[in-house]
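Source file: my_file31.tsv (TSV, C-alpha atoms and all ligand atoms)
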chain	number	residue	atom	x	y	z
A	1	MET	CA	256.00	82.24	229.02
A	2	ASN	CA	259.35	82.26	230.80
A	3	CYS	CA	262.24	84.66	230.18
A	4	ARG	CA	264.11	82.30	227.85
A	5	GLU	CA	261.04	81.82	225.66
A	6	CYS	CA	260.30	85.51	225.73
A	7	ARG	CA	263.78	86.44	224.50
A	8	ASP	CA	263.72	83.80	221.78
A	9	GLU	CA	260.43	85.22	220.59
A	10	LEU	CA	261.60	88.83	220.89
A	11	GLU	CA	264.40	88.12	218.43
A	12	LEU	CA	261.82	87.07	215.86
A	13	TRP	CA	260.05	90.42	216.23
A	14	VAL	CA	263.06	92.69	215.77
A	15	GLY	CA	262.06	95.43	213.36
A	16	GLN	CA	258.31	94.84	213.69
A	17	ALA	CA	256.09	97.60	215.01
A	18	ASP	CA	253.90	95.46	217.27
A	19	LEU	CA	254.65	92.55	219.57
A	20	PRO	CA	252.32	89.57	220.06
A	21	ARG	CA	250.17	89.92	223.19
A	22	GLU	CA	251.92	87.09	225.05
A	23	ILE	CA	255.32	88.77	224.79
A	24	ALA	CA	253.91	92.19	225.59
A	25	GLU	CA	252.34	90.82	228.75
A	26	HIS	CA	255.53	89.16	229.90
A	27	ILE	CA	257.54	92.30	229.23
A	28	ALA	CA	255.11	94.42	231.19
A	29	GLY	CA	256.01	92.41	234.28
A	30	CYS	CA	259.70	91.67	233.65
A	31	ALA	CA	262.32	94.42	233.76
A	32	GLU	CA	265.11	92.23	232.38
A	33	CYS	CA	263.22	91.22	229.28
A	34	ARG	CA	262.14	94.84	228.85
A	35	THR	CA	265.80	95.84	228.80
A	36	TYR	CA	266.47	93.19	226.19
A	37	ARG	CA	263.54	94.49	224.14
A	38	ASP	CA	265.03	98.01	224.30
A	39	GLU	CA	268.42	96.73	223.23
A	40	LEU	CA	266.92	94.99	220.20
A	41	ARG	CA	264.93	98.09	219.38
A	42	ALA	CA	268.09	100.20	219.31
A	43	LEU	CA	269.70	97.57	217.14
A	44	ALA	CA	266.81	97.71	214.69
A	45	GLY	CA	267.11	101.50	214.63
A	46	SER	CA	270.73	101.29	213.55
A	47	VAL	CA	269.94	99.27	210.42
A	48	ALA	CA	266.50	100.72	209.69
A	49	GLU	CA	265.45	101.06	206.06
A	50	ASP	CA	267.49	103.74	204.43
A	51	ARG	CA	265.91	105.70	201.61
A	52	GLU	CA	269.30	105.82	199.97
A	53	PHE	CA	268.82	102.22	198.92
A	54	ASP	CA	266.04	103.43	196.66
A	55	ALA	CA	266.65	103.56	192.94
A	56	THR	CA	267.72	106.96	191.66
A	57	LYS	CA	265.66	108.64	188.96
A	58	ALA	CA	268.11	107.54	186.30
A	59	GLU	CA	268.10	103.97	187.62
A	60	ARG	CA	264.34	103.93	187.59
A	61	ALA	CA	264.28	105.26	184.04
A	62	MET	CA	266.79	102.62	183.01
A	63	ILE	CA	264.80	99.78	184.55
A	64	GLU	CA	261.52	100.97	183.10
A	65	ALA	CA	263.05	101.41	179.67
A	66	GLY	CA	264.64	97.96	179.87
A	67	ILE	CA	261.35	96.33	180.82
A	68	LYS	CA	259.52	98.16	178.07
A	69	ARG	CA	262.08	97.14	175.50
A	70	ARG	CA	262.00	93.49	176.54
A	71	LEU	CA	258.24	93.31	176.59
A	72	ASN	CA	257.90	95.15	173.25
A	73	PRO	CA	260.88	94.05	171.21
A	74	ASP	CA	259.23	95.23	167.99
A	75	LYS	CA	258.92	98.79	169.24
A	76	ALA	CA	262.50	99.11	170.39
A	77	THR	CA	263.67	101.57	167.74
A	78	VAL	CA	262.39	104.99	168.60
A	79	ILE	CA	263.92	108.42	168.51
A	80	THR	CA	265.73	109.29	171.70
A	81	PRO	CA	263.48	111.47	173.82
A	82	LEU	CA	264.43	115.03	174.38
A	83	HIS	CA	264.77	114.75	178.13
A	84	TRP	CA	267.62	112.32	177.84
A	85	LEU	CA	269.34	114.53	175.33
A	86	ARG	CA	269.14	117.28	177.86
A	87	TYR	CA	270.74	115.06	180.47
A	88	ALA	CA	273.62	114.30	178.19
A	89	ALA	CA	273.82	117.91	177.05
A	90	MET	CA	274.26	119.21	180.54
A	91	ALA	CA	276.93	116.65	181.35
A	92	ALA	CA	278.64	117.47	178.10
A	93	SER	CA	278.56	121.18	178.84
A	94	VAL	CA	280.09	120.67	182.25
A	95	ILE	CA	282.90	118.63	180.82
A	96	ILE	CA	283.52	121.05	178.01
A	97	VAL	CA	283.66	123.95	180.41
A	98	ALA	CA	286.14	121.92	182.39
A	99	GLY	CA	288.27	121.94	179.25
A	100	ILE	CA	288.55	118.25	178.57
A	101	GLY	CA	287.06	118.57	175.09
A	102	ILE	CA	285.08	116.17	173.03
A	103	THR	CA	287.90	113.76	172.27
A	104	GLY	CA	288.83	113.35	175.90
A	105	TYR	CA	285.18	113.24	176.74
A	106	ARG	CA	284.61	110.34	174.42
A	107	ALA	CA	287.68	108.51	175.61
A	108	ASN	CA	287.26	109.13	179.31
A	109	TRP	CA	283.59	108.77	179.66
A	110	PHE	CA	281.92	106.77	177.03
A	111	GLY	CA	284.94	105.26	175.35
A	112	HIS	CA	283.91	102.38	173.14
A	113	ARG	CA	280.22	102.88	173.77
A	114	ALA	CA	279.36	104.07	170.32
A	115	GLY	CA	275.67	104.54	170.98
A	116	VAL	CA	276.22	106.90	173.82
A	117	VAL	CA	278.85	108.83	171.97
A	118	ASP	CA	276.34	109.35	169.20
A	119	THR	CA	273.71	110.58	171.57
A	120	THR	CA	276.16	112.80	173.31
A	121	ALA	CA	277.11	114.23	169.98
A	122	VAL	CA	273.54	115.21	169.34
A	123	ALA	CA	273.36	116.66	172.78
A	124	LEU	CA	276.49	118.63	172.16
A	125	ALA	CA	275.09	120.02	168.95
A	126	ASP	CA	271.91	120.80	170.79
A	127	SER	CA	273.71	122.49	173.62
A	128	GLN	CA	275.54	124.69	171.15
A	129	THR	CA	272.37	126.23	169.88
A	130	GLN	CA	270.38	126.14	173.11
A	131	ASN	CA	272.86	127.19	175.73
A	132	ARG	CA	275.40	129.23	173.87
A	133	SER	CA	275.80	131.75	176.59
A	134	GLU	CA	276.87	129.06	179.03
A	135	ILE	CA	279.05	126.95	176.81
A	136	ASP	CA	281.77	127.92	174.45
A	137	SER	CA	282.49	124.61	172.83
A	138	THR	CA	283.72	126.16	169.58
A	139	ALA	CA	287.00	126.70	171.32
A	140	ILE	CA	287.46	122.97	171.60
A	141	LEU	CA	285.76	121.46	168.57
A	142	ASP	CA	287.61	121.45	165.27
A	143	ASP	CA	286.27	120.82	161.76
A	144	GLN	CA	286.81	117.10	162.05
A	145	ASP	CA	284.85	117.02	165.25
A	146	TYR	CA	282.03	118.84	163.57
A	147	SER	CA	281.79	116.44	160.67
A	148	ALA	CA	281.90	113.51	163.12
A	149	LEU	CA	279.13	115.24	165.00
A	150	GLU	CA	276.98	115.61	161.94
A	151	GLN	CA	277.37	111.95	161.11
A	152	ALA	CA	276.56	111.00	164.65
A	153	ILE	CA	273.44	113.12	164.61
A	154	ASP	CA	272.16	111.17	161.62
A	155	GLN	CA	272.90	107.85	163.27
A	156	SER	CA	271.54	108.75	166.66
A	157	THR	CA	267.98	108.98	165.43
A	158	GLN	CA	268.18	105.16	165.22
A	159	LEU	CA	268.85	104.85	168.95
A	160	ASP	CA	266.24	104.13	171.55
A	161	ASP	CA	266.23	105.36	175.11
A	162	ALA	CA	266.89	101.94	176.58
A	163	THR	CA	270.02	101.40	174.49
A	164	VAL	CA	271.40	104.69	175.68
A	165	LEU	CA	270.52	104.07	179.29
A	166	ASP	CA	271.79	100.51	179.19
A	167	SER	CA	275.19	101.63	178.07
A	168	LEU	CA	275.72	104.03	180.97
A	169	SER	CA	277.55	102.91	184.08
A	170	ASP	CA	276.31	103.77	187.56
A	171	GLU	CA	279.09	106.29	187.89
A	172	GLN	CA	278.09	108.03	184.70
A	173	ILE	CA	274.45	108.15	185.71
A	174	LYS	CA	275.33	109.52	189.11
A	175	TYR	CA	277.48	112.15	187.49
A	176	LEU	CA	274.74	113.17	185.10
A	177	GLU	CA	272.20	113.30	187.88
A	178	SER	CA	274.29	115.42	190.17
A	179	HIS	CA	274.85	117.99	187.45
A	180	LEU	CA	271.26	117.96	186.38
A	181	ASP	CA	270.19	118.56	189.92
A	182	VAL	CA	272.38	121.59	190.03
A	183	LYS	CA	270.83	122.86	186.81
A	184	GLY	CA	267.33	122.21	188.10
A	185	LEU	CA	266.39	120.01	185.18
A	186	ILE	CA	265.10	117.10	187.24
B	187	MET	CA	251.59	103.01	205.38
B	188	VAL	CA	251.91	99.37	204.38
B	189	GLU	CA	248.16	98.96	204.32
B	190	LYS	CA	247.75	101.98	202.12
B	191	GLU	CA	250.26	100.58	199.67
B	192	ASP	CA	248.45	97.27	199.64
B	193	ASP	CA	245.26	99.14	198.80
B	194	GLN	CA	247.11	100.60	195.90
B	195	ILE	CA	248.64	97.32	194.76
B	196	ARG	CA	245.60	95.06	194.95
B	197	PRO	CA	243.45	96.62	192.20
B	198	LEU	CA	246.48	97.07	189.98
B	199	ALA	CA	247.43	93.42	190.45
B	200	ASP	CA	243.90	92.34	189.57
B	201	ARG	CA	243.96	94.37	186.38
B	202	ALA	CA	247.46	93.17	185.48
B	203	ALA	CA	246.30	89.58	185.96
B	204	ASP	CA	243.64	90.32	183.33
B	205	GLY	CA	246.42	91.26	180.93
B	206	ASP	CA	246.30	95.03	181.46
B	207	ARG	CA	249.79	96.25	180.59
B	208	ALA	CA	249.18	99.80	181.81
B	209	ALA	CA	248.25	98.44	185.24
B	210	PHE	CA	251.40	96.34	185.23
B	211	SER	CA	253.49	99.41	184.40
B	212	GLU	CA	251.97	101.13	187.43
B	213	LEU	CA	252.92	98.14	189.57
B	214	VAL	CA	256.47	98.44	188.30
B	215	LYS	CA	256.53	102.08	189.45
B	216	VAL	CA	255.03	101.33	192.86
B	217	LEU	CA	257.17	98.28	193.66
B	218	MET	CA	260.41	99.07	191.90
B	219	ASN	CA	262.23	100.62	194.85
B	220	ARG	CA	261.42	97.68	197.06
B	221	VAL	CA	262.70	95.19	194.52
B	222	VAL	CA	265.87	97.22	193.90
B	223	ALA	CA	266.58	97.44	197.65
B	224	LEU	CA	265.84	93.75	198.07
B	225	THR	CA	268.08	92.56	195.26
B	226	TYR	CA	270.77	95.06	196.24
B	227	ARG	CA	270.99	93.86	199.80
B	228	LEU	CA	270.84	90.25	198.68
B	229	THR	CA	273.62	90.56	196.11
B	230	GLY	CA	275.62	93.50	197.45
B	231	GLU	CA	276.00	94.75	193.88
B	232	ARG	CA	274.13	97.74	192.61
B	233	GLU	CA	274.41	96.95	188.93
B	234	ALA	CA	273.33	93.36	189.45
B	235	ALA	CA	270.39	94.58	191.50
B	236	LEU	CA	269.20	96.81	188.67
B	237	ASP	CA	269.45	93.94	186.17
B	238	LEU	CA	267.74	91.51	188.53
B	239	THR	CA	264.94	93.99	189.16
B	240	GLN	CA	264.39	94.27	185.45
B	241	ASP	CA	264.49	90.48	185.07
B	242	ALA	CA	262.06	89.99	187.93
B	243	PHE	CA	259.46	92.34	186.44
B	244	VAL	CA	259.83	90.87	182.97
B	245	SER	CA	259.35	87.35	184.40
B	246	ALA	CA	256.41	88.55	186.44
B	247	TRP	CA	254.66	89.84	183.36
B	248	GLU	CA	255.50	86.77	181.32
B	249	ASN	CA	254.10	84.55	184.07
B	250	ILE	CA	251.25	86.79	185.13
B	251	ARG	CA	248.78	83.97	184.45
B	252	SER	CA	250.29	81.91	187.25
B	253	PHE	CA	249.60	84.70	189.76
B	254	ARG	CA	246.75	83.61	192.00
B	255	ARG	CA	244.45	86.45	192.89
B	256	ASP	CA	243.92	85.20	196.42
B	257	SER	CA	247.61	85.68	197.18
B	258	LYS	CA	249.57	88.90	197.68
B	259	PHE	CA	251.13	90.23	194.49
B	260	GLU	CA	254.07	91.54	196.47
B	261	THR	CA	254.85	88.12	197.91
B	262	TRP	CA	254.56	86.55	194.50
B	263	LEU	CA	256.88	89.15	192.97
B	264	TYR	CA	259.43	88.81	195.78
B	265	ARG	CA	259.57	85.08	195.24
B	266	ILE	CA	260.58	85.70	191.65
B	267	ALA	CA	263.11	88.37	192.67
B	268	VAL	CA	264.62	86.34	195.52
B	269	ASN	CA	265.00	83.27	193.30
B	270	LYS	CA	266.73	85.35	190.66
B	271	ALA	CA	269.02	86.95	193.24
B	272	LEU	CA	269.95	83.61	194.83
B	273	ASN	CA	270.59	82.13	191.39
B	274	PHE	CA	272.79	85.05	190.56
B	275	ILE	CA	274.74	84.57	193.80
B	276	ALA	CA	275.12	80.84	193.16
B	277	HIS	CA	276.57	81.50	189.72
B	278	ARG	CA	278.80	84.24	191.05
B	279	LYS	CA	280.21	81.86	193.64
B	280	ILE	CA	281.21	79.45	190.91
B	281	ALA	CA	282.42	82.01	188.43
B	282	ASP	CA	283.89	84.78	190.53
B	283	THR	CA	287.53	84.90	191.39
B	284	VAL	CA	287.15	88.10	193.41
B	285	GLU	CA	286.87	87.51	197.13
B	286	LEU	CA	283.88	89.58	198.11
B	287	THR	CA	284.48	88.94	201.80
B	288	ASP	CA	287.83	90.69	201.53
B	289	GLU	CA	286.21	93.80	200.12
B	290	CYS	CA	283.67	93.73	202.90
B	291	ALA	CA	286.32	93.28	205.57
B	292	GLY	CA	288.13	96.29	204.13
B	293	ALA	CA	285.07	98.46	204.34
B	294	VAL	CA	284.36	97.37	207.87
B	295	SER	CA	287.82	97.92	209.29
B	296	GLN	CA	287.86	101.68	208.63
B	297	SER	CA	287.27	104.31	211.30
B	298	ALA	CA	286.31	102.12	214.20
B	299	ASP	CA	286.30	104.76	216.92
B	300	ASP	CA	284.36	107.71	215.43
B	301	GLN	CA	280.60	107.78	215.17
B	302	LEU	CA	279.62	106.25	211.86
B	303	THR	CA	278.37	108.51	209.13
B	304	ARG	CA	275.22	107.56	207.29
B	305	ASP	CA	277.25	106.40	204.32
B	306	GLU	CA	279.50	104.25	206.45
B	307	LEU	CA	276.57	102.71	208.23
B	308	LYS	CA	274.85	102.04	204.92
B	309	GLN	CA	278.00	100.36	203.64
B	310	ARG	CA	278.24	98.28	206.77
B	311	VAL	CA	274.67	97.14	206.46
B	312	VAL	CA	275.43	95.93	202.93
B	313	SER	CA	278.63	94.28	204.17
B	314	PHE	CA	276.84	92.67	207.05
B	315	MET	CA	274.20	91.32	204.70
B	316	GLN	CA	276.91	89.87	202.48
B	317	SER	CA	278.49	88.14	205.45
B	318	LEU	CA	275.33	86.11	206.09
B	319	PRO	CA	274.66	82.73	204.47
B	320	ASP	CA	272.10	83.00	201.65
B	321	GLN	CA	269.11	81.71	203.57
B	322	GLN	CA	269.78	83.92	206.59
B	323	ARG	CA	270.26	86.89	204.33
B	324	ALA	CA	267.00	86.25	202.51
B	325	ALA	CA	265.14	85.79	205.80
B	326	PHE	CA	266.61	88.99	207.21
B	327	GLU	CA	265.79	91.01	204.12
B	328	LEU	CA	262.23	89.77	203.86
B	329	ARG	CA	261.43	89.97	207.55
B	330	PHE	CA	263.27	93.07	208.66
B	331	TYR	CA	263.14	95.26	205.58
B	332	ARG	CA	260.07	93.94	203.79
B	333	GLN	CA	258.12	93.35	207.02
B	334	LEU	CA	256.68	90.03	205.89
B	335	SER	CA	255.27	87.29	208.09
B	336	PHE	CA	257.26	84.08	208.52
B	337	GLU	CA	254.54	82.25	206.60
B	338	GLU	CA	255.00	84.57	203.63
B	339	ILE	CA	258.78	84.25	203.83
B	340	ALA	CA	258.51	80.47	203.95
B	341	GLU	CA	256.42	80.61	200.78
B	342	ILE	CA	258.92	82.88	199.05
B	343	VAL	CA	262.06	80.90	199.85
B	344	GLY	CA	260.37	77.49	199.70
B	345	ARG	CA	261.33	76.39	203.23
B	346	GLY	CA	259.37	75.55	206.35
B	347	VAL	CA	258.32	78.22	208.85
B	348	PRO	CA	260.52	76.83	211.68
B	349	THR	CA	263.57	76.89	209.38
B	350	VAL	CA	262.87	80.46	208.34
B	351	LYS	CA	262.47	81.51	211.98
B	352	THR	CA	265.77	79.90	212.88
B	353	ASN	CA	267.42	81.67	209.96
B	354	TYR	CA	266.06	85.00	211.09
B	355	ARG	CA	267.06	84.48	214.70
B	356	GLU	CA	270.60	83.56	213.68
B	357	ALA	CA	270.83	86.65	211.50
B	358	ILE	CA	269.67	88.84	214.39
B	359	GLN	CA	272.20	87.29	216.75
B	360	LYS	CA	274.99	87.93	214.26
B	361	LEU	CA	273.79	91.47	213.77
B	362	ARG	CA	273.89	92.05	217.52
B	363	LYS	CA	277.43	90.79	217.67
B	364	VAL	CA	278.65	92.87	214.71
B	365	ALA	CA	276.88	96.00	215.92
B	366	GLU	CA	278.41	95.61	219.35
B	367	GLU	CA	281.91	94.92	218.08
B	368	GLU	CA	281.86	97.84	215.68
B	369	GLY	CA	280.00	100.29	217.89
B	370	TRP	CA	277.09	100.94	215.53
B	371	ARG	CA	274.77	103.66	216.69
B	372	PRO	CA	271.42	104.61	215.23
C	1	ZN	ZN	261.51	87.92	231.43
Could I get this structure in the form of structure tokens?
Ligand SMILES: [Zn+2]
Amino acid sequence: MNCRECRDELELWVGQADLPREIAEHIAGCAECRTYRDELRALAGSVAEDREFDATKAERAMIEAGIKRRLNPDKATVITPLHWLRYAAMAASVIIVAGIGITGYRANWFGHRAGVVDTTAVALADSQTQNRSEIDSTAILDDQDYSALEQAIDQSTQLDDATVLDSLSDEQIKYLESHLDVKGLI
Amino acid sequence: MVEKEDDQIRPLADRAADGDRAAFSELVKVLMNRVVALTYRLTGEREAALDLTQDAFVSAWENIRSFRRDSKFETWLYRIAVNKALNFIAHRKIADTVELTDECAGAVSQSADDQLTRDELKQRVVSFMQSLPDQQRAAFELRFYRQLSFEEIAEIVGRGVPTVKTNYREAIQKLRKVAEEEGWRP
């Protein structure tokens, strides 16, 4: 194997842990090709697999729910699991504390996504009884909001997890996750 | 590490091939991150990657009978995922009016002199991937990140081994050039 062949081959092994014996032998006796090997190694290091490309927990949940729904279309309508309500509840509480209020919350965050608004409504109701010490949403919600909430609670029992997850954008999921992390819920 | 994972995948794949849905769900959990990362780097779009991952697993289950037990489940799954990603890209090219290359160029031109942060580097890796022609991008993803042999890659993308090697070498040469020009450091 000459130097030209060795370098051509080396390029094919960028990122691999072991080199074929032929290349390894050439490199052992050739300083120039060894330098090239080191250069390629550094290059590989700069683009090495980054764990941040992994799916987040919410993304994983969304994918799994989507697969489940598509493989079991008849079982799609189930009551939204509690854990997701808690996600939404925590996000809702943060936003309420920030003073945006439920109307702004609907408009800014979930806008036309009726399903998510419904779920959030349940979560809000839930958060009012569960986390009263942390959240004072009564200051923001008026009677109309409450009746809308009650309606939404009835409707939301028709929603399945996948529908809720499907209607969230990446940004929303990231937001929920970051706040949940802070609260130690996930 | 890779061997251990294969040990984990093999029995699950055998059970899934027998129609065991629980085993298939386990496979989804084990392989999901890899498929998300793969489709993300191939498309450069997070949301598309999540959809394609879901599609790939649904297809895999629907076609589980065509999985041959003497082949690697991972390779078989990647072929489905890569085909879906390349299809997606082909349709995007026809349909999309947004110039993706412009976005990438924008991301790359920032902060040339300082040491890159992890986020910047990650963004540049995605941009670099998007700058490659489809076949080079697929070869780079499958070889560098998924650590597959050229024979396996050839099977996945449906090309000959020499072609796949050429694609990989060209991708590496471009990477060298970009990394040098932009001063990437590990
Ligand atoms: Zn040499």
Computed gap from CA of Thr261 (chain B) to CA of Glu64 (chain A) is 20.7 Å
Sort by chain and increasing residue number a table of all residues of chain A within 6 Å of ligand ZN 1 (chain C), each with its closest pair of atoms and their distance in Å to one decimal, counting all atoms listed in the file, and write it as a tab-separated table.
residue	atom	partner	partner_atom	distance
A:Cys3	CA	C:ZN1	ZN	3.6
A:Cys30	CA	C:ZN1	ZN	4.7
A:Glu32	CA	C:ZN1	ZN	5.7
A:Cys33	CA	C:ZN1	ZN	4.3
- Task: Return the neighbours of chain A among the residues of chain B, cut-off 10 Å, counting only C-alpha atoms, as a ChimeraX atom specification.
- Result: /B:207,211,214-215,218-224,226-227,232-233,235-245,247-248,304-305,307-308,310-312,326,329-336,351-359,361-362,365-366,370-372
Margin query: What's the separation between CA of Ala324 (chain B) and CA of Arg201 (chain B), in Å to one decimal place?
Written below: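 According to the coordinates, CA of Ala324 (chain B) and CA of Arg201 (chain B) are separated by 29.3 Å.
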Exercise. Quick one: pull the distance between CA of Glu260 (chain B) and CA of Glu22 (chain A), Å, one decimal.
Key: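 Going from CA of Glu260 (chain B) over to CA of Glu22 (chain A), I get 29.0 Å.
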Please determine, counting only C-alpha atoms, which residue among B:Gly205, B:Gly230, B:Pro197, B:Gly369 has the shortest atom-to-atom distance to Arg251 (chain B).
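Distance minimum relative to Arg251 (chain B) lands on B:Gly205.
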